[in-house]
file start-v6.cif (mmCIF, C-alpha atoms)
data_start
loop_
_atom_site.label_atom_id
_atom_site.label_comp_id
_atom_site.auth_asym_id
_atom_site.auth_seq_id
_atom_site.Cartn_x
_atom_site.Cartn_y
_atom_site.Cartn_z
CA MET U 794 141.84 97.09 125.75
CA THR U 795 145.31 98.58 125.47
CA GLU U 796 146.24 101.72 123.57
CA LYS U 797 147.79 99.57 120.83
CA GLU U 798 144.58 97.52 120.50
CA TYR U 799 142.56 100.74 120.34
CA ASN U 800 144.81 102.06 117.57
CA ASN U 801 144.35 98.77 115.69
CA CYS U 802 140.57 99.21 115.97
CA VAL U 803 140.84 102.69 114.50
CA THR U 804 142.93 101.37 111.62
CA GLN U 805 140.67 98.37 110.97
CA TYR U 806 137.19 99.81 111.40
CA ALA U 807 137.24 103.57 110.80
CA ASP U 808 136.54 103.31 107.06
CA ASN U 809 133.77 100.74 107.49
CA VAL U 810 131.98 102.73 110.18
CA PHE U 811 132.32 105.94 108.18
CA ARG U 812 131.00 104.31 104.98
CA PHE U 813 128.00 102.93 106.84
CA ILE U 814 127.15 106.27 108.48
CA VAL U 815 127.74 108.49 105.43
CA LYS U 816 125.51 106.28 103.25
CA ASN U 817 122.70 106.79 105.73
CA LEU U 818 123.20 110.45 106.60
CA LYS U 819 124.32 111.57 103.14
CA HIS U 820 126.31 114.40 104.70
CA GLU U 821 130.03 113.88 105.07
CA GLU U 822 130.72 116.30 107.93
CA ASP U 823 127.86 114.94 110.05
CA ALA U 824 129.10 111.41 109.39
CA LYS U 825 132.61 112.37 110.51
CA ASP U 826 131.18 113.79 113.74
CA VAL U 827 129.20 110.60 114.42
CA VAL U 828 132.23 108.37 113.75
CA GLN U 829 134.48 110.53 115.92
CA THR U 830 131.98 110.33 118.76
CA ALA U 831 131.84 106.54 118.43
CA PHE U 832 135.63 106.25 118.67
CA GLU U 833 135.67 108.69 121.56
CA LYS U 834 133.18 106.51 123.45
CA LEU U 835 135.28 103.43 122.67
CA TRP U 836 138.32 105.21 124.11
CA ARG U 837 136.46 106.20 127.28
CA ASN U 838 135.18 102.63 127.71
CA ARG U 839 138.35 100.83 126.59
CA GLU U 840 138.79 99.13 129.94
CA THR U 841 135.35 97.51 129.82
CA VAL U 842 135.14 96.71 126.08
CA GLU U 843 136.74 93.46 125.03
CA THR U 844 138.96 93.75 121.95
CA GLU U 845 137.02 90.99 120.18
CA LYS U 846 133.78 92.96 120.62
CA SER U 847 135.14 96.37 119.67
CA LYS U 848 133.74 96.27 116.10
CA SER U 849 130.25 95.52 117.35
CA PHE U 850 130.60 98.19 120.04
CA LEU U 851 131.68 100.80 117.48
CA PHE U 852 128.86 100.04 115.05
CA THR U 853 126.31 100.02 117.87
CA VAL U 854 127.45 103.38 119.21
CA ALA U 855 127.70 104.88 115.71
CA TYR U 856 124.25 103.58 114.77
CA ASN U 857 122.70 105.05 117.93
CA GLN U 858 124.49 108.37 117.40
CA MET U 859 123.24 108.42 113.80
CA ILE U 860 119.63 107.81 114.90
CA ASP U 861 119.94 110.57 117.52
CA HIS U 862 121.34 112.90 114.86
CA ILE U 863 118.50 112.11 112.44
CA ARG U 864 115.87 112.67 115.12
CA LYS U 865 117.46 115.94 116.19
CA ASN U 866 117.63 117.21 112.61
CA LYS U 867 113.98 116.32 111.98
CA ARG U 868 113.03 118.77 114.72
CA ILE U 869 115.14 121.54 113.26
CA THR U 870 114.00 123.23 110.07
CA LEU U 871 116.75 124.75 108.02
CA LYS U 872 116.13 128.24 106.72
CA GLU U 873 118.85 128.21 104.13
CA GLU U 874 119.77 125.61 101.57
CA PHE U 875 123.18 124.03 101.50
CA SER U 876 125.28 124.75 98.49
CA GLU U 877 126.07 121.84 96.23
CA GLU U 878 129.67 121.88 97.49
CA THR U 879 128.65 121.02 101.06
CA LYS U 880 126.45 118.09 100.14
CA ILE U 881 128.10 114.76 99.73
CA GLY U 882 128.39 113.85 96.10
CA PHE U 883 128.37 110.35 94.77
CA GLN U 884 130.08 109.92 91.45
CA HIS U 885 127.81 107.76 89.36
CA SER U 886 129.81 106.01 86.74
CA ASN U 887 126.72 104.60 85.08
CA GLN U 888 122.95 104.46 85.18
CA THR U 889 122.94 101.31 87.32
CA ASN U 890 124.55 103.02 90.32
CA LYS U 891 122.08 105.87 90.06
CA ILE U 892 119.09 103.53 90.02
CA LEU U 893 120.48 101.50 92.94
CA MET U 894 120.98 104.62 95.05
CA GLN U 895 117.45 105.79 94.22
CA ALA U 896 116.13 102.40 95.30
CA VAL U 897 118.04 102.46 98.60
CA ASN U 898 116.90 106.03 99.27
CA ARG U 899 113.28 104.89 99.07
CA LEU U 900 113.78 102.83 102.24
CA ASN U 901 113.07 104.27 105.66
CA GLU U 902 116.05 104.85 107.97
CA THR U 903 115.70 101.50 109.77
CA GLN U 904 115.42 99.48 106.57
CA ARG U 905 118.32 101.35 104.97
CA SER U 906 120.51 100.72 108.03
CA LEU U 907 119.65 97.03 108.07
CA VAL U 908 120.39 96.62 104.36
CA MET U 909 123.71 98.44 104.76
CA LEU U 910 124.72 96.36 107.77
CA LYS U 911 123.76 93.05 106.17
CA ASP U 912 124.60 93.50 102.50
CA TYR U 913 127.43 96.06 102.59
CA GLU U 914 129.13 95.28 105.88
CA GLY U 915 128.33 91.54 106.05
CA TYR U 916 127.01 91.33 109.60
CA SER U 917 124.97 88.34 110.73
CA TYR U 918 121.34 88.75 111.81
CA GLU U 919 122.38 88.31 115.43
CA GLU U 920 125.08 91.00 115.20
CA ILE U 921 122.69 93.39 113.47
CA GLY U 922 120.17 92.79 116.25
CA LYS U 923 122.75 93.73 118.87
CA ILE U 924 123.74 96.86 116.97
CA THR U 925 120.21 98.09 116.33
CA GLY U 926 118.51 96.84 119.47
CA LEU U 927 116.12 94.62 117.50
CA ASN U 928 115.69 90.91 118.00
CA GLU U 929 116.85 88.53 115.28
CA SER U 930 113.31 87.87 114.03
CA GLN U 931 112.61 91.58 113.66
CA VAL U 932 115.85 92.03 111.72
CA LYS U 933 114.83 89.27 109.31
CA VAL U 934 111.31 90.64 108.84
CA TYR U 935 112.47 94.24 108.31
CA LEU U 936 115.18 93.11 105.89
CA HIS U 937 112.67 91.02 103.97
CA ARG U 938 110.31 94.00 103.66
CA ALA U 939 113.17 96.27 102.62
CA ARG U 940 114.22 93.83 99.92
CA ILE U 941 110.66 93.68 98.61
CA VAL U 942 110.64 97.48 98.30
CA LEU U 943 114.01 97.34 96.52
CA ARG U 944 112.88 94.55 94.20
CA ASP U 945 109.64 96.29 93.28
CA TYR U 946 111.46 99.50 92.49
CA LEU U 947 114.30 97.86 90.56
CA VAL U 948 112.08 95.72 88.34
CA SER U 949 109.71 98.53 87.39
CA LYS U 950 109.64 99.32 83.65
CA GLU U 951 111.29 102.74 83.99
CA ASN U 952 114.28 101.29 85.86
CA VAL U 953 115.07 98.28 83.71
CA ILE U 954 118.19 99.00 81.73
#
call {"tool": "encode", "arguments": {"input": "start-v6.cif", "output": "structure tokens"}}
result
Amino acid sequence: MTEKEYNNCVTQYADNVFRFIVKNLKHEEDAKDVVQTAFEKLWRNRETVETEKSKSFLFTVAYNQMIDHIRKNKRITLKEEFSEETKIGFQHSNQTNKILMQAVNRLNETQRSLVMLKDYEGYSYEEIGKITGLNESQVKVYLHRARIVLRDYLVSKENVI
């Protein structure tokens, strides 16, 4: 991969990778760190990564960095609360967005990642499997279970608009 091809990857995929990570971490600064690390690893491995596979490489590295970050933060207990200014804020234009975000937040980290990769980013089951380290059958099963959780939450009486 040449420097120009690397720069094209940054231009093409930076927003998508960031969106995916920030929706899972819900903290903008942590998401920026994860995305920066992913691009740094792509740069260090540019000679071995084929340009056609750079998107998959980036999402795989970012996903693994995100999981490591989540695991690390689970071990650390924060003694002080973040102010509202430091938390990422989603502007909800209507009740539907709020309910959808609540539904997605009910999923565990694996299910949420799979839903984001499939439904928001448009990856195939095979690509998702490569990114997450799951086989294609596991991806389908976990996605099916996640969608059941989403459906059950969204069709409950209190969430019907």
call {"tool": "resolve_selection", "arguments": {"input": "start-v6.cif", "expression": "the PyMOL selection byres ((chain U and resi 810) around 8)", "output": "tab-separated table (two decimals) with C-alpha atoms, in the frame of the given file"}}
result
chain	number	residue	atom	x	y	z
U	806	TYR	CA	137.19	99.81	111.40
U	807	ALA	CA	137.24	103.57	110.80
U	808	ASP	CA	136.54	103.31	107.06
U	809	ASN	CA	133.77	100.74	107.49
U	811	PHE	CA	132.32	105.94	108.18
U	812	ARG	CA	131.00	104.31	104.98
U	813	PHE	CA	128.00	102.93	106.84
U	814	ILE	CA	127.15	106.27	108.48
U	828	VAL	CA	132.23	108.37	113.75
U	851	LEU	CA	131.68	100.80	117.48
U	852	PHE	CA	128.86	100.04	115.05
U	855	ALA	CA	127.70	104.88	115.71
call {"tool": "closest_residue", "arguments": {"input": "start-v6.cif", "among": "U:Gln805, U:Thr795, U:Asn857, U:Asn866", "to": "Glu840 in chain U", "atoms": "all atoms listed in the file"}}
result
U:Thr795
call {"tool": "closest_residue", "arguments": {"input": "start-v6.cif", "among": "U:Lys846, U:Arg864, U:Arg940, U:Arg899", "to": "Ile924 in chain U", "atoms": "only C-alpha atoms"}}
result
U:Lys846
call {"tool": "resolve_selection", "arguments": {"input": "start-v6.cif", "expression": "the PyMOL selection byres ((chain U and resi 898) around 12)", "output": "list of chain:residue names"}}
result
U:Lys816, U:Asn817, U:Leu818, U:Lys819, U:Lys891, U:Ile892, U:Leu893, U:Met894, U:Gln895, U:Ala896, U:Val897, U:Arg899, U:Leu900, U:Asn901, U:Glu902, U:Thr903, U:Gln904, U:Arg905, U:Ser906, U:Val908, U:Met909, U:Ala939, U:Val942, U:Leu943, U:Tyr946
call {"tool": "write_last_selection", "arguments": {"input": "start-v6.cif", "atoms": "C-alpha atoms", "output": "PDB file, in the frame of the given file"}}
result
ATOM      1  CA  LYS U 816     125.510 106.280 103.250  1.00  0.00           C
ATOM      2  CA  ASN U 817     122.700 106.790 105.730  1.00  0.00           C
ATOM      3  CA  LEU U 818     123.200 110.450 106.600  1.00  0.00           C
ATOM      4  CA  LYS U 819     124.320 111.570 103.140  1.00  0.00           C
ATOM      5  CA  LYS U 891     122.080 105.870  90.060  1.00  0.00           C
ATOM      6  CA  ILE U 892     119.090 103.530  90.020  1.00  0.00           C
ATOM      7  CA  LEU U 893     120.480 101.500  92.940  1.00  0.00           C
ATOM      8  CA  MET U 894     120.980 104.620  95.050  1.00  0.00           C
ATOM      9  CA  GLN U 895     117.450 105.790  94.220  1.00  0.00           C
ATOM     10  CA  ALA U 896     116.130 102.400  95.300  1.00  0.00           C
ATOM     11  CA  VAL U 897     118.040 102.460  98.600  1.00  0.00           C
ATOM     12  CA  ARG U 899     113.280 104.890  99.070  1.00  0.00           C
ATOM     13  CA  LEU U 900     113.780 102.830 102.240  1.00  0.00           C
ATOM     14  CA  ASN U 901     113.070 104.270 105.660  1.00  0.00           C
ATOM     15  CA  GLU U 902     116.050 104.850 107.970  1.00  0.00           C
ATOM     16  CA  THR U 903     115.700 101.500 109.770  1.00  0.00           C
ATOM     17  CA  GLN U 904     115.420  99.480 106.570  1.00  0.00           C
ATOM     18  CA  ARG U 905     118.320 101.350 104.970  1.00  0.00           C
ATOM     19  CA  SER U 906     120.510 100.720 108.030  1.00  0.00           C
ATOM     20  CA  VAL U 908     120.390  96.620 104.360  1.00  0.00           C
ATOM     21  CA  MET U 909     123.710  98.440 104.760  1.00  0.00           C
ATOM     22  CA  ALA U 939     113.170  96.270 102.620  1.00  0.00           C
ATOM     23  CA  VAL U 942     110.640  97.480  98.300  1.00  0.00           C
ATOM     24  CA  LEU U 943     114.010  97.340  96.520  1.00  0.00           C
ATOM     25  CA  TYR U 946     111.460  99.500  92.490  1.00  0.00           C
TER      26      TYR U 946
END
call {"tool": "closest_residue", "arguments": {"input": "start-v6.cif", "among": "U:Asn890, U:Trp836, U:Lys923, U:Glu798", "to": "Tyr856 in chain U", "atoms": "only C-alpha atoms"}}
result
U:Lys923
call {"tool": "atom_distance", "arguments": {"input": "start-v6.cif", "atom1": "CA of Ala831 in chain U", "atom2": "CA of Ser930 in chain U"}}
result
26.7 Å
call {"tool": "resolve_selection", "arguments": {"input": "start-v6.cif", "expression": "the PyMOL selection byres ((chain U and resi 802) around 10)", "output": "CSV table (one decimal) with C-alpha atoms, in the coordinates of the input"}}
result
chain,number,residue,atom,x,y,z
U,796,GLU,CA,146.2,101.7,123.6
U,797,LYS,CA,147.8,99.6,120.8
U,798,GLU,CA,144.6,97.5,120.5
U,799,TYR,CA,142.6,100.7,120.3
U,800,ASN,CA,144.8,102.1,117.6
U,801,ASN,CA,144.4,98.8,115.7
U,803,VAL,CA,140.8,102.7,114.5
U,804,THR,CA,142.9,101.4,111.6
U,805,GLN,CA,140.7,98.4,111.0
U,806,TYR,CA,137.2,99.8,111.4
U,807,ALA,CA,137.2,103.6,110.8
U,832,PHE,CA,135.6,106.2,118.7
U,835,LEU,CA,135.3,103.4,122.7
U,844,THR,CA,139.0,93.8,122.0
U,845,GLU,CA,137.0,91.0,120.2
U,847,SER,CA,135.1,96.4,119.7
U,848,LYS,CA,133.7,96.3,116.1
U,851,LEU,CA,131.7,100.8,117.5
call {"tool": "residues_around", "arguments": {"input": "start-v6.cif", "residues": "Ile921 in chain U", "least_positions_apart": "2", "cutoff": "10 Å", "atoms": "only C-alpha atoms", "output": "number ranges by chain"}}
result
U: 849, 852-853, 906-908, 910-911, 915-919, 923-929, 932-933
call {"tool": "write_last_selection", "arguments": {"input": "start-v6.cif", "atoms": "C-alpha atoms", "output": "compact mmCIF listing (two decimals), in the coordinates of the input"}}
result
# COMPACT_ATOMS: atom_id res chain seq x y z
CA SER U 849 130.25 95.52 117.35
CA PHE U 852 128.86 100.04 115.05
CA THR U 853 126.31 100.02 117.87
CA SER U 906 120.51 100.72 108.03
CA LEU U 907 119.65 97.03 108.07
CA VAL U 908 120.39 96.62 104.36
CA LEU U 910 124.72 96.36 107.77
CA LYS U 911 123.76 93.05 106.17
CA GLY U 915 128.33 91.54 106.05
CA TYR U 916 127.01 91.33 109.60
CA SER U 917 124.97 88.34 110.73
CA TYR U 918 121.34 88.75 111.81
CA GLU U 919 122.38 88.31 115.43
CA LYS U 923 122.75 93.73 118.87
CA ILE U 924 123.74 96.86 116.97
CA THR U 925 120.21 98.09 116.33
CA GLY U 926 118.51 96.84 119.47
CA LEU U 927 116.12 94.62 117.50
CA ASN U 928 115.69 90.91 118.00
CA GLU U 929 116.85 88.53 115.28
CA VAL U 932 115.85 92.03 111.72
CA LYS U 933 114.83 89.27 109.31
call {"tool": "axis_aligned_box", "arguments": {"input": "start-v6.cif", "around": "range 939-953 of chain U", "padding_each_side": "5 Å", "output": "lines of an AutoDock Vina configuration file"}}
result
center_x = 112.4
center_y = 98.2
center_z = 93.1
size_x = 15.4
size_y = 19.1
size_z = 29.0
call {"tool": "atom_distance", "arguments": {"input": "start-v6.cif", "atom1": "CA of Asp823 in chain U", "atom2": "CA of Phe850 in chain U"}}
result
19.7 Å
call {"tool": "atom_distance", "arguments": {"input": "start-v6.cif", "atom1": "CA of Ile941 in chain U", "atom2": "CA of Tyr913 in chain U"}}
result
17.4 Å
call {"tool": "closest_residue", "arguments": {"input": "start-v6.cif", "among": "U:Glu914, U:Thr841, U:Glu951, U:Met859", "to": "Gln888 in chain U", "atoms": "all atoms listed in the file"}}
result
U:Glu951
